[in-house]
Every structure is written in C-alpha cells, then in structure tokens.
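K.L.:
Structure incoming, see below.
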Amino acid sequence: MAPAHTDGEDASHDHLQPLVQSTVRATHSLFSGTSVPTQSDALLSSQRQKISSKYRAEYLSSRVLPRSMQPTDSPNPLLLTAPRQTKLLTQNGHAEITVCSLTNVEDEVQKVLDGLAGRQRAQAKKHKVPTRELVRMAAEATRDDSAPAGQQIVRKRTYEPVRPEWHAPWKLMRVISGHIGWVRALAVEPGNRWFASGSVDRTIKIWDLASGTLRLTLTGHVSPVRGLAVSSRHPYLFSAGEDKQVKCWDLETNKVVRQYHGHLSGIYALALHPTLDVLVTAGRDSVARVWDIRTKQQVHVLAGHRGTIASVVCQDADPQVITGSMDSTVRLWDLAAGKSMATLTHHKKAVRALALHPSDFGFASASSDSIRQWKCPRGDFVQSFNGHSSIVNTMCANNDGVMFSGGDDGTMRFWDWRSAHCFQKTQTVVQPGSLDSEAGVFCSTFDRTGFRLITGEADKSIKIWKEDEEATEESHPVDFRPSLGRRRY
C-alpha cells in the first residue's frame, strides 16, 4: 500500500515544478531534438478532443436520416456524402450506425476548429476602430460646447506673437513740491480740472492740474493718508488713512460730513463704486469693508484673505470688487452676495497693485515676481509682463492701450496692454537735495483724457508726465523681438 501524502508535502513540492519542467525540456531538446509541448499546445489538444468526442456522440449518427423520413424521389439533402455504412444488428434487431467509412472524423473536427477561429478573427476585425476614425471622433467631441472647460480635446495652436502698437515715449513735464512726506495717494476730479494728493505728512492737498499750483490743504487725519477717491455722483472726496479712519469731505464747505468706523487696523486702499453709492476700504485687518455712503452703515465684510490687503478696485460689472493681498492672492468678489467668486493664486509674492483697463473688460495685478493680466468675469489668465526686478507699488492704464508701472527702486515701465511689450524703460528723477534711496514711485494715475500721467514719489514730490509730441515711428521705432515660445507663466 502506497504511503499517503499530506498537504504539507504537496506544498513543499510545488516550487520544484518549474525546475522539473525546465529539466525535461532540456533533456528532450538534447536527445530527441524536439521541443516539449507548451501550455497552448496542450490546450489546443484538449479542445480538439472535446470537440471530437461531442461530434461522435451527437452529430455523427444524425448525418443520415432514417428510411421512414427519407424522400423517395430525391436524395437526402442532409447527406453530404454517400457513405458506405457498416451496420451491426443489436439484440433488438435495429441497425445502429457505428462507422462512417467515407467520413473522416478528424477532418470534420478540424473544419469546426477553423470555423471557430475564423469567426473570432471576424469579430475582432469588426470591433476594431481605425486610427483615422478615432481622430475624427475626437475632433467632433471638441465641437461640443456642453463639455466642461479643460476636458475637451483640442489641437495645440501654433503660437503667433502679437505685434505691439506704436506708442510715443513719455517724458517729464512738471515737478510739484509741497508735501513734507512721502506721497502715497492720488485722485483726479471727474471734470479733469484738479487732483488731490495724500501724504505721510497727514495732509490732503488739492492741486490745479493745468498749472500745478496749490489750491487747498485739508487736515484731519492723524496718520499717513493712504487712499483717496473723488465721487462723480456727489460733491464728495473720500479719504482713508493708517489711523483706521474713513472720512467723507464735502467739497463745497471743505469739511468732514461723515466718518465710517469699523476697521480694526490701518487702512491701505480705498475705492468708489462707479454706479452705486457704496465705498470699499481695505487694510491690515485682512478684510474689505463695503460702506453705504449715505447711511454710513457697513453693508458687507469681505473676508477671506490671510494677509494685509494692499489694493482694491471697483467696476460696474461682475466681479464688482477685486482685491490684492500680501498673501500673494487676488480675489474676485460678488458684491450682491458678499462672497468670493474666484481666487487667483498665480503670484508668488505679495500683490501690492491692481489696475483696471478703462475699455477692455480686464485688469492687471502686480507683485515683485511679475505683472499678470487677467480677463473678467472669471479671472482667466491672459499673459505676463516681465521686466521689473523690484517691488511694484503702483499701476494704471489708459484708453490708448498704455499701462504704467512704478517700482520701489524708482524704475518706471510703460507697456503695451495688448501685447505685453515694454516700449519704454526709464528711471524717475529725484528732486535735488534728496537721497538716491528716495527714488521710489508709490502711487500713480492718468488724468481723465489719458494724456497726462501723475506720479507720487518718495522724494516728497509729485511729477507729471506727458507723451513726447515730436516722437515718430521713424525716430523711435518699436524694438520688437518675439521669443520662440509663448510667455504664459
């Protein structure tokens, strides 16, 4: 009696099976010159035996109809051949078909196997989609406007750089002195007759735009004035400072008629809504507060930034409020709901300046790493303006497609808004008697016509710039050198 094998012994011999098979294969190839049948050959042999057994058991005996069912005037239609059958009489006397001498069972089985293989190839060929068809289907899928953005298959377009428009260079026109501290805020009156300036010396001065003479000095703040705005709907001037105060000045009496209380720290930015009677202020408490001008009530507290808000702008279409913060983000706000619509995180450094284009539905944001242009209302990124190597404190744009940016080191850049081409690089001129370290541009604005640029600087002066009227395209050609790749990021 053979000894019984336990499961442990079978498991211990499992790892020897590959070694035994390789040894048998090597022995056969060495002595017989033939290879050992592979697993696929064994599978084909078992399939052949299965079909052959089924063919013999079920179909071989039915190839010939019984005599009672055969027609008398025509041959048997099911009879493929005229086989000579060998019949054996059983005990009951019935004839049973056992052998078909003229029919080769192996040939019939091979035909069945060939038929199955051909059917599988036909089905595979039927379901196979050509590459051209796949490309065509993908192209049709891109035309579906209902697909979400970013999930459509689009062909990469060849980058064609936008050629910039020619703009005349800007030159210094006038230097205005009068403040005894840094000039941190500027605002032009809607009638374009005068402008206001706010300084670290805690005063607000009104200047005649045509002659540059001083008209009026307003005192009331106890800290540097950081924001100014002149209303186009009411005879009001709004000011905000680091003393946490927001004041409304009546320009007919030159006195403060309203004050808006609520900020917990210094205010760094102020903006008026162009069509609504609301005022937006923001500062070191990391929130932007929306005020009703008439009732002095706080309408919204736009919270979401994690750092000081350094700039804020307003427009009459969504997003109606845009803020730039020291946390290197730009937020677009829904004024009706008081919530953030989008957060732009492309910048790596603090965003200190924002600029709205007067006619194009877009804006630009500036930080020390780059200046980026965005498209409203969703805040889609358009392009980058590269050229500054210092902190950018201020930006502004006019209707002619000129954007100005001023740096903390006194650098001034004039850009073409459409192509992001810097057509003029210059340095501000410090006032005689000032240090070279005081060559910084803190604030800027264009007048209502866009032909004059006003800058407030660290040398306590206000400078007015204008275009060079004698410049032509021949004397100052466009130095346009496009790069091979698109500068998007």
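How things are named: the first chain in the structure tokens is A, the next is B, and so on; residues count from 1 in each chain; ligands count from 1 in the order shown.
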Quick one: residues within 7 Å of Leu186 in chain A, only C-alpha atoms, excluding same-chain residues fewer than 2 positions away - as a list in words?
P.N.:
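Listed by chain and then number, they are Val188, Ala196, Ser197, Gly198, Leu228, Cys443, Ser444 and Thr445 of chain A.
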K.L.:
Within range 257-315 of chain A, find each residue whose DSSP state, derived from the backbone, is strand (DSSP E), and express the selection as a ChimeraX atom specification.
P.N.:
/A:257-260,267-272,278-283,287-292,298-303,309-314
K.L.:
Which neighbours of Ile371 in chain A fall inside 8 Å, counting only C-alpha atoms, when residues of the same chain fewer than 6 positions from it are skipped, and could you give them as a short mmCIF file (atom, residue, chain, number, x, y, z; two decimals) with N, CA, C and O atoms, in the first residue's frame?
P.N.:
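selection_18.cif, written as the output of this step:
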```cif
data_model
loop_
_atom_site.label_atom_id
_atom_site.label_comp_id
_atom_site.auth_asym_id
_atom_site.auth_seq_id
_atom_site.Cartn_x
_atom_site.Cartn_y
_atom_site.Cartn_z
N ALA A 364 -5.09 94.03 -14.38
CA ALA A 364 -3.73 93.54 -14.19
C ALA A 364 -3.39 93.61 -12.70
O ALA A 364 -3.88 94.49 -11.97
N SER A 365 -2.58 92.68 -12.27
CA SER A 365 -2.11 92.63 -10.88
C SER A 365 -0.59 92.57 -10.88
O SER A 365 0.01 91.96 -11.76
N SER A 384 1.74 87.54 -19.16
CA SER A 384 2.60 88.11 -18.12
C SER A 384 3.39 89.27 -18.69
O SER A 384 3.77 89.28 -19.87
N PHE A 385 3.66 90.25 -17.83
CA PHE A 385 4.53 91.40 -18.15
C PHE A 385 5.79 91.23 -17.32
O PHE A 385 5.75 91.39 -16.08
N ASN A 386 6.89 90.93 -17.95
CA ASN A 386 8.14 90.68 -17.25
C ASN A 386 9.12 91.81 -17.55
O ASN A 386 9.30 92.19 -18.70
#
```
K.L.:
Would you give me, as a tab-separated table, each residue of range 310-361 of chain A having an atom within 8 Å of an atom of range 266-286 of chain A, along with its shortest atom pair and that distance in Å to one decimal, using only C-alpha atoms and sorting by chain and residue number?
P.N.:
```
residue	atom	partner	partner_atom	distance
A:Ala310	CA	A:Tyr268	CA	5.6
A:Ser311	CA	A:Ala269	CA	5.2
A:Val312	CA	A:Ala269	CA	5.9
A:Val313	CA	A:Ala271	CA	5.6
A:Cys314	CA	A:His273	CA	5.4
A:Gln315	CA	A:Pro274	CA	6.2
A:Asp316	CA	A:Pro274	CA	6.1
A:Gln320	CA	A:His273	CA	7.9
A:Ser325	CA	A:Ser286	CA	7.9
```
K.L.:
Can those selected residues be exported to a file as a short mmCIF file (atom, residue, chain, number, x, y, z; two decimals), in the first residue's frame so that it contains N, CA, C and O atoms?
P.N.:
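New file result19.cif:
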```
data_model
loop_
_atom_site.label_atom_id
_atom_site.label_comp_id
_atom_site.auth_asym_id
_atom_site.auth_seq_id
_atom_site.Cartn_x
_atom_site.Cartn_y
_atom_site.Cartn_z
N ALA A 310 -3.57 95.21 0.16
CA ALA A 310 -2.81 96.39 -0.23
C ALA A 310 -3.47 97.18 -1.34
O ALA A 310 -3.10 98.34 -1.56
N SER A 311 -4.41 96.60 -2.06
CA SER A 311 -5.04 97.30 -3.18
C SER A 311 -6.45 96.78 -3.39
O SER A 311 -6.73 95.60 -3.16
N VAL A 312 -7.32 97.67 -3.85
CA VAL A 312 -8.70 97.32 -4.14
C VAL A 312 -9.19 98.22 -5.28
O VAL A 312 -8.85 99.41 -5.34
N VAL A 313 -9.95 97.62 -6.21
CA VAL A 313 -10.55 98.36 -7.32
C VAL A 313 -12.00 97.93 -7.46
O VAL A 313 -12.38 96.81 -7.07
N CYS A 314 -12.82 98.81 -8.05
CA CYS A 314 -14.24 98.54 -8.25
C CYS A 314 -14.61 98.83 -9.71
O CYS A 314 -14.04 99.73 -10.34
N GLN A 315 -15.57 98.06 -10.22
CA GLN A 315 -16.12 98.28 -11.55
C GLN A 315 -17.61 97.98 -11.51
O GLN A 315 -18.12 97.39 -10.54
N ASP A 316 -18.32 98.35 -12.59
CA ASP A 316 -19.78 98.25 -12.57
C ASP A 316 -20.30 96.89 -12.99
O ASP A 316 -21.51 96.66 -12.97
N GLN A 320 -17.48 92.97 -9.25
CA GLN A 320 -17.54 94.40 -9.00
C GLN A 320 -16.45 94.87 -8.03
O GLN A 320 -16.14 96.06 -8.01
N SER A 325 -3.75 91.09 -2.15
CA SER A 325 -3.32 91.00 -0.76
C SER A 325 -1.85 90.62 -0.66
O SER A 325 -1.23 90.14 -1.62
#
```
K.L.:
So which residues touch Ser231 in chain A within 9 Å, counting only C-alpha atoms, skipping near sequence neighbours fewer than 3 positions away, as number ranges by chain?
P.N.:
A: 189-190, 234-238, 272-274
K.L.:
Taking only C-alpha atoms into account, which of A:Lys296, A:Arg25, A:Arg193, A:Arg289 comes nearest Arg258 in chain A?
P.N.:
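Among the listed residues, the smallest separation from Arg258 in chain A belongs to A:Lys296.
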K.L.:
Please indicate the distance in Å from CA of Ser390 in chain A to CA of Ala229 in chain A, rounded to one decimal place.
P.N.:
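It comes out at 27.1 Å.
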K.L.:
Calculate how many Å separate CA of Trp333 in chain A from CA of Thr449 in chain A, rounding to one decimal.
P.N.:
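Atom-to-atom, CA of Trp333 in chain A and CA of Thr449 in chain A are spaced 29.0 Å apart.
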K.L.:
Could you check the closest approach to Glu457 in chain A for each of A:Leu251, A:Ile180, A:Val24, A:Val478 and tell me which residue wins, using only C-alpha atoms?
P.N.:
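Closest to Glu457 in chain A of all the choices is A:Ile180.
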